[in-house]
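A short worksheet on the structure shown next.
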Amino acid sequence: MNIVVCVKQTPDTAELPKISVAEVTSGDIKTTLVLNPWDEFAVEEGLQLQDRFGGDVTVVTVGEEKATEALKDAIARGVQSAVLLSDPAFAGSDAWGTATILAAAIKKNGPVDVVLAGKQSVDGNSGLVAPGLARKLGATLLTNVTKIVDVAGGKITVERQLEEGRETLTASLPAVVSVSKEINDPRYPTFMGIRKASKAQIPVWSLADLDVSAGSVGQTAALAQWTDLRKPAARSSQVVLVKEATVEATAAKLADLLMAEKVI
Amino acid sequence: MNFQLTDEQAGLRRLVRDFVDKEIKPIAAHTDESGEFPWDTLRKLGGLGLLGLNIPEAYGGAGADHLSAAILIEEIGRGCGSTGLIVAAHLGLACGPLNAFGNEAQKQRFLEPLASGRAIGCLALTEPGAGSDLAGGVRTFAELRGGEWVINGSKMWLTNGAEAETAILLCRTDRTGGSRSLSQIIAPTNTPGITFGKPERKMGLNGSHTYAVSLEDVRVPAENLLGEEGCGLQQTLEVLDGGRIGIGALSVGLAQAAYEAAMSYAQERITFGAPLTRHQAIQFKIADMATQIDAARLLVWRAAWLRDQGQPYTLEAAQAKLFATEMAEKVCYEAIQIHGGYGYSRDYPVERIYRDNRLMAIGEGTSEIQRLVIARRVLGL
Ligand SMILES: Cc1cc2nc3c(=O)[nH]c(=O)nc-3n(C[C@H](O)[C@H](O)[C@H](O)COP(=O)(O)OP(=O)(O)OC[C@H]3O[C@@H](n4cnc5c(N)ncnc54)[C@H](O)[C@@H]3O)c2cc1C
């Protein structure tokens with residue numbers, strides 16, 4: 001089975017509040033950059049699918065050279081091959097542009113059965129790349145997947161989290177699967193993996209390597225433009241300590257307060 | 001000069017940091033209060049290839065350099081002193097001598113299970129009458145009888161003692177005494193005649209258990225002699241040189257943790273209408289803490305780097321340990337000071353870090369002994 005995992009390098013979630021509007025506009029983010037936390041689940045699922053069904057796992061990302069770090073993180077966890085998709089022409093691509101680049105790279109990489117992606121990125125948060133990718137590849141789109149039950153006979157069976165509950169469905173391959181965090185418990189990289197990653201030579205594919213026209217990607221091709229960017233005001237929160245004479249009384253008071261706030 | 005970590009070292013640091021933040025830091029207070037030995041954490045560290053980090057791959061380790069081991073111990077120390085000491089003793093005091101002085105068969109039999117993380121080890125030097133003065137004080141005797149070492153005596157303050165699978169015992173093998181009368185002997189801890197007491201009741205580091213042990217007619221085969229007969233003292237001093245880098249690194253980690261806690265507290269605590277960080281007296285404390293931690297870390301890294309280059313590092317390891325452990329004492333003191341009354345409370349981490357660090361100026365050679373080592377070297381005595 002051929003598995004491709006699409007990942008993104010994003011700021012460390014803990015440092016997100018530190019990022020300024022200027023950094024976002026210029027693209028020169030100064031915080032620690034990591035493998036997008038949602039993508040850790042996609043990488044883990046790729047490795048688990050490989051354990052269960054055999055085959056190869058390739059991890060790809062669109063980004064500048066420093067995004068290799070995110071690919072190396074995946075290698076340190078056990079992924080065998082990685083490709084960086086990098087070209088000045090890719091800069092400023094929107095979700096559709098990114099999907100265009102990824103789809104071209106996946107096609108170039110060879111036949112694919114399952115493309116995995118995180119539910120969204122912690123910086124852009126659009127959750128649109130996976131749908132775009134499915135469209136571009138002509139593959140089945142399965143979002144919010146919490147479990148891959150089986151892959152057999154050209155079909156994939158998954159469980160999806162819906163607002164009303166969970167559904168189990170079977171669809172045909174190839175499929176683009178975006179996973180949510182219930183799906184697994186990502187492993188840590190091992191030291192031996194880190195050593196392998198630090199020595200890995202990661203190929204870079206540019207615009208010229210892909211079947212993509214310059215006009216279909218990058219800032220100018222972006223269908224969505226950011227006209228204004230503001231930092232939301234920090235939310236102030238208030239701490240109320242509930243302590244009554246007995247545990248029961250404390251619980252009752254807490255329940256009253258939560259109901260008054262319409263939390264429950 | 002190059003102050004940049006290699007990709008491998010930087011990757012290791014990221015991994016351990018992440019692991020410590022998710023798996024060690026959240027249970028550090030529990031480990032201290034309950035005194036539970038953190039087996040679960042150790043198993044996970046073993047699984048990541050970290051319990052034999054600077055041991056060659058041929059013996060179950062990861063073959064990383066000594067600087068990597070210093071990074072590992074610092075980062076674990078940032079989360080939990082107890083876990084840091086367990087790992088520092090295992091790597092530096094147990095795996096270290098087995099790797100340095102063991103023959104092929106000993107390495108396969110005793111080092112491999114430790115370095116691959118299946119078991120942990122300990123080193124027994126100290127006795128009721130021998131601490132700083134091992135040469136004059138050790139009264140654990142080993143005699144060769146019928147192809148076996150028969151060992152009698154008692155040891156004190158064994159980190160990892162009863163939890164360890166393998167112990168290295170410093171024994172007197174020549175009753176006439178002198179600097180060539182000591183030898184190191186390997187003893188599986190389940191050997192009949194080895195009896196551990198209860199874990200000592202300590203000021204801190206409660207998750208790292210420390211034992212007194214009695215040795216009564218403990219018999220191990222003659223081939224369990226580690227290194228050369230009569231070279232036990234020299235071998236021990238060499239092991240301690242390496243171990244001191246680990247203890248220095250652990251203190252850097254503890255200081256870093258206290259500093260980070262103090263920083264975040266100072267940013268939130270409002271007095272006289274402004275966060276503590278706006279008061280110059282507090283800013284100066286934080287500036288000093290940041291500077292001292294960096295200085296100590298660089299001394300630790302220099303000693304580890306020298307060791308990796310195969311150059312002498314006895315002086316530099318003693319300097320690193322002395323400076324780092326005493327630095328951490330000051331940093332923890334100021335971290336508590338910045339917290340005010342809350343710093344004295346068990347609900348905040350700084351009092352635990354302060355207690356945990358106190359050992360570092362005592363174990364593996366007291367500060368006084370480090371000063372002796374340094375003075376002898378710089379004065380050429
Ligand atoms: C938590 C913990 C864990 C430990 N783990 C281990 C372990 O795993 N293995 C092990 O073998 N040991 C271990 N130790 C023992 C530790 O290494 C010794 O306690 C230490 O070496 C000091 O020895 P001592 O306690 O006998 O003190 P002493 O040697 O009696 O020293 C008492 C004081 O006198 C000072 N002093 C001694 N000689 C001189 C001198 N010549 N000049 C100036 N000052 C001097 C010392 O610096 C100290 O301040 C551990 C101890 C503790 C508390």
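In the structure tokens, chains take letters A, B, ... by order of appearance, with residues numbered from 1 within each chain and ligands from 1 in the order shown.
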Inset, instruction - Identify, on the basis of only C-alpha atoms, every residue whose closest approach to B:Leu45 does not exceed 12 Å; exclude the query and any residue fewer than 2 positions from it along the same chain; express the result as a PyMOL selection string. - result: (chain A and resi 188-191) or (chain B and resi 15-16+19-20+23-24+38-43+47-53+72-73+76+83-84+86-87+115-120)
Inset, instruction - Output as an MDAnalysis selection string the set of chain A residues within 12 Å of chain B, with distances taken over only C-alpha atoms. - result: chainID A and resid 12 14 32:35 68:70 72:77 186:200
Inset, instruction - Could I get the residue neighbourhood of ligand 1 at 8 Å, counting only C-alpha atoms and all ligand atoms, as a ChimeraX atom specification? - result: /B:89,93,122-133,155-161,202,205,208-210,359,362-369,372
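Proximity to A:Gly165 was assessed for A:Thr227, A:Asn144, A:Thr13, A:Ser178 counting only C-alpha atoms; the smallest distance is recorded for A:Asn144.
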Inset, instruction - May I have all residues of stretch 93-163 of chain B that DSSP, computed from the backbone, assigns to strand (DSSP E), given as number ranges by chain? - result: B: 121-124, 141-145, 148-159
If you keep N, CA, C and O atoms, can you produce a file of those selected residues as a PDB file, in the first residue's frame?
```
ATOM      1  N   GLY B 121      21.408   0.182  36.661  1.00  0.00           N
ATOM      2  CA  GLY B 121      22.579  -0.221  37.422  1.00  0.00           C
ATOM      3  C   GLY B 121      22.945   0.785  38.494  1.00  0.00           C
ATOM      4  O   GLY B 121      22.341   1.864  38.586  1.00  0.00           O
ATOM      5  N   CYS B 122      23.898   0.394  39.346  1.00  0.00           N
ATOM      6  CA  CYS B 122      24.366   1.316  40.386  1.00  0.00           C
ATOM      7  C   CYS B 122      25.837   1.084  40.704  1.00  0.00           C
ATOM      8  O   CYS B 122      26.419   0.062  40.328  1.00  0.00           O
ATOM      9  N   LEU B 123      26.405   2.060  41.370  1.00  0.00           N
ATOM     10  CA  LEU B 123      27.816   2.001  41.748  1.00  0.00           C
ATOM     11  C   LEU B 123      27.908   2.217  43.256  1.00  0.00           C
ATOM     12  O   LEU B 123      27.353   3.189  43.782  1.00  0.00           O
ATOM     13  N   ALA B 124      28.609   1.309  43.943  1.00  0.00           N
ATOM     14  CA  ALA B 124      28.699   1.377  45.403  1.00  0.00           C
ATOM     15  C   ALA B 124      30.126   1.685  45.825  1.00  0.00           C
ATOM     16  O   ALA B 124      30.990   0.811  45.808  1.00  0.00           O
ATOM     17  N   PHE B 141      35.823  -5.840  52.105  1.00  0.00           N
ATOM     18  CA  PHE B 141      36.957  -6.645  51.648  1.00  0.00           C
ATOM     19  C   PHE B 141      36.495  -7.713  50.669  1.00  0.00           C
ATOM     20  O   PHE B 141      35.407  -8.285  50.838  1.00  0.00           O
ATOM     21  N   ALA B 142      37.297  -7.952  49.657  1.00  0.00           N
ATOM     22  CA  ALA B 142      37.019  -9.051  48.720  1.00  0.00           C
ATOM     23  C   ALA B 142      38.250  -9.946  48.675  1.00  0.00           C
ATOM     24  O   ALA B 142      39.373  -9.449  48.506  1.00  0.00           O
ATOM     25  N   GLU B 143      38.006 -11.233  48.848  1.00  0.00           N
ATOM     26  CA  GLU B 143      39.128 -12.187  48.810  1.00  0.00           C
ATOM     27  C   GLU B 143      38.858 -13.219  47.745  1.00  0.00           C
ATOM     28  O   GLU B 143      37.718 -13.683  47.597  1.00  0.00           O
ATOM     29  N   LEU B 144      39.908 -13.595  47.049  1.00  0.00           N
ATOM     30  CA  LEU B 144      39.767 -14.608  46.016  1.00  0.00           C
ATOM     31  C   LEU B 144      39.920 -15.978  46.671  1.00  0.00           C
ATOM     32  O   LEU B 144      40.964 -16.288  47.245  1.00  0.00           O
ATOM     33  N   ARG B 145      38.815 -16.769  46.603  1.00  0.00           N
ATOM     34  CA  ARG B 145      38.871 -18.121  47.193  1.00  0.00           C
ATOM     35  C   ARG B 145      38.240 -19.098  46.220  1.00  0.00           C
ATOM     36  O   ARG B 145      37.053 -18.955  45.890  1.00  0.00           O
ATOM     37  N   GLU B 148      36.509 -17.689  43.214  1.00  0.00           N
ATOM     38  CA  GLU B 148      35.410 -16.744  43.472  1.00  0.00           C
ATOM     39  C   GLU B 148      35.905 -15.599  44.349  1.00  0.00           C
ATOM     40  O   GLU B 148      36.761 -15.808  45.219  1.00  0.00           O
ATOM     41  N   TRP B 149      35.293 -14.424  44.128  1.00  0.00           N
ATOM     42  CA  TRP B 149      35.495 -13.332  45.059  1.00  0.00           C
ATOM     43  C   TRP B 149      34.486 -13.520  46.186  1.00  0.00           C
ATOM     44  O   TRP B 149      33.294 -13.712  45.921  1.00  0.00           O
ATOM     45  N   VAL B 150      34.992 -13.461  47.419  1.00  0.00           N
ATOM     46  CA  VAL B 150      34.077 -13.500  48.563  1.00  0.00           C
ATOM     47  C   VAL B 150      34.129 -12.122  49.200  1.00  0.00           C
ATOM     48  O   VAL B 150      35.193 -11.652  49.615  1.00  0.00           O
ATOM     49  N   ILE B 151      32.974 -11.468  49.208  1.00  0.00           N
ATOM     50  CA  ILE B 151      32.932 -10.048  49.584  1.00  0.00           C
ATOM     51  C   ILE B 151      32.184  -9.870  50.902  1.00  0.00           C
ATOM     52  O   ILE B 151      31.079 -10.400  51.087  1.00  0.00           O
ATOM     53  N   ASN B 152      32.786  -9.108  51.803  1.00  0.00           N
ATOM     54  CA  ASN B 152      32.158  -8.801  53.094  1.00  0.00           C
ATOM     55  C   ASN B 152      32.344  -7.332  53.420  1.00  0.00           C
ATOM     56  O   ASN B 152      33.428  -6.789  53.234  1.00  0.00           O
ATOM     57  N   GLY B 153      31.274  -6.731  53.914  1.00  0.00           N
ATOM     58  CA  GLY B 153      31.371  -5.328  54.296  1.00  0.00           C
ATOM     59  C   GLY B 153      30.002  -4.672  54.201  1.00  0.00           C
ATOM     60  O   GLY B 153      28.968  -5.359  54.210  1.00  0.00           O
ATOM     61  N   SER B 154      29.991  -3.346  54.116  1.00  0.00           N
ATOM     62  CA  SER B 154      28.708  -2.665  53.911  1.00  0.00           C
ATOM     63  C   SER B 154      28.939  -1.377  53.140  1.00  0.00           C
ATOM     64  O   SER B 154      30.022  -0.794  53.191  1.00  0.00           O
ATOM     65  N   LYS B 155      27.930  -0.988  52.414  1.00  0.00           N
ATOM     66  CA  LYS B 155      27.987   0.227  51.607  1.00  0.00           C
ATOM     67  C   LYS B 155      26.824   1.124  51.984  1.00  0.00           C
ATOM     68  O   LYS B 155      25.791   0.649  52.487  1.00  0.00           O
ATOM     69  N   MET B 156      26.983   2.412  51.730  1.00  0.00           N
ATOM     70  CA  MET B 156      25.957   3.393  52.085  1.00  0.00           C
ATOM     71  C   MET B 156      25.561   4.218  50.871  1.00  0.00           C
ATOM     72  O   MET B 156      26.375   4.384  49.966  1.00  0.00           O
ATOM     73  N   TRP B 157      24.360   4.763  50.913  1.00  0.00           N
ATOM     74  CA  TRP B 157      23.964   5.795  49.955  1.00  0.00           C
ATOM     75  C   TRP B 157      24.026   5.338  48.510  1.00  0.00           C
ATOM     76  O   TRP B 157      24.533   6.052  47.661  1.00  0.00           O
ATOM     77  N   LEU B 158      23.512   4.145  48.252  1.00  0.00           N
ATOM     78  CA  LEU B 158      23.511   3.671  46.872  1.00  0.00           C
ATOM     79  C   LEU B 158      22.306   4.187  46.111  1.00  0.00           C
ATOM     80  O   LEU B 158      21.184   3.752  46.369  1.00  0.00           O
ATOM     81  N   THR B 159      22.542   5.059  45.153  1.00  0.00           N
ATOM     82  CA  THR B 159      21.464   5.506  44.271  1.00  0.00           C
ATOM     83  C   THR B 159      21.099   4.329  43.368  1.00  0.00           C
ATOM     84  O   THR B 159      21.995   3.690  42.812  1.00  0.00           O
TER      85      THR B 159
END
```
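Restricting the calculation to only C-alpha atoms, the smallest distance between B:Tyr259 and any of B:Ala274, B:Val300, B:Ile194, B:Ile336 is found for B:Ile336.
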Inset, instruction - Identify, with DSSP run on backbone atoms, the residues in stretch 67-306 of chain B assigned to helix (DSSP H, G or I), and express the list as a PyMOL selection string. - result: chain B and resi 67-79+81-101+104-115+134-137+222-224+232-268+276-278+280-306
Legend entry - Near-A:Pro37 list (10 Å; only C-alpha atoms; drop same-chain fewer than 3 positions) as a list in words: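 Selected residues are Val7, Lys8, Gln9, Thr10, Pro11, Asp12, Thr13, Val34, Glu40, Phe41, Ala42, Gly118, Lys119, Gln120, Ser121, Val122, Lys181 and Pro186 of chain A.
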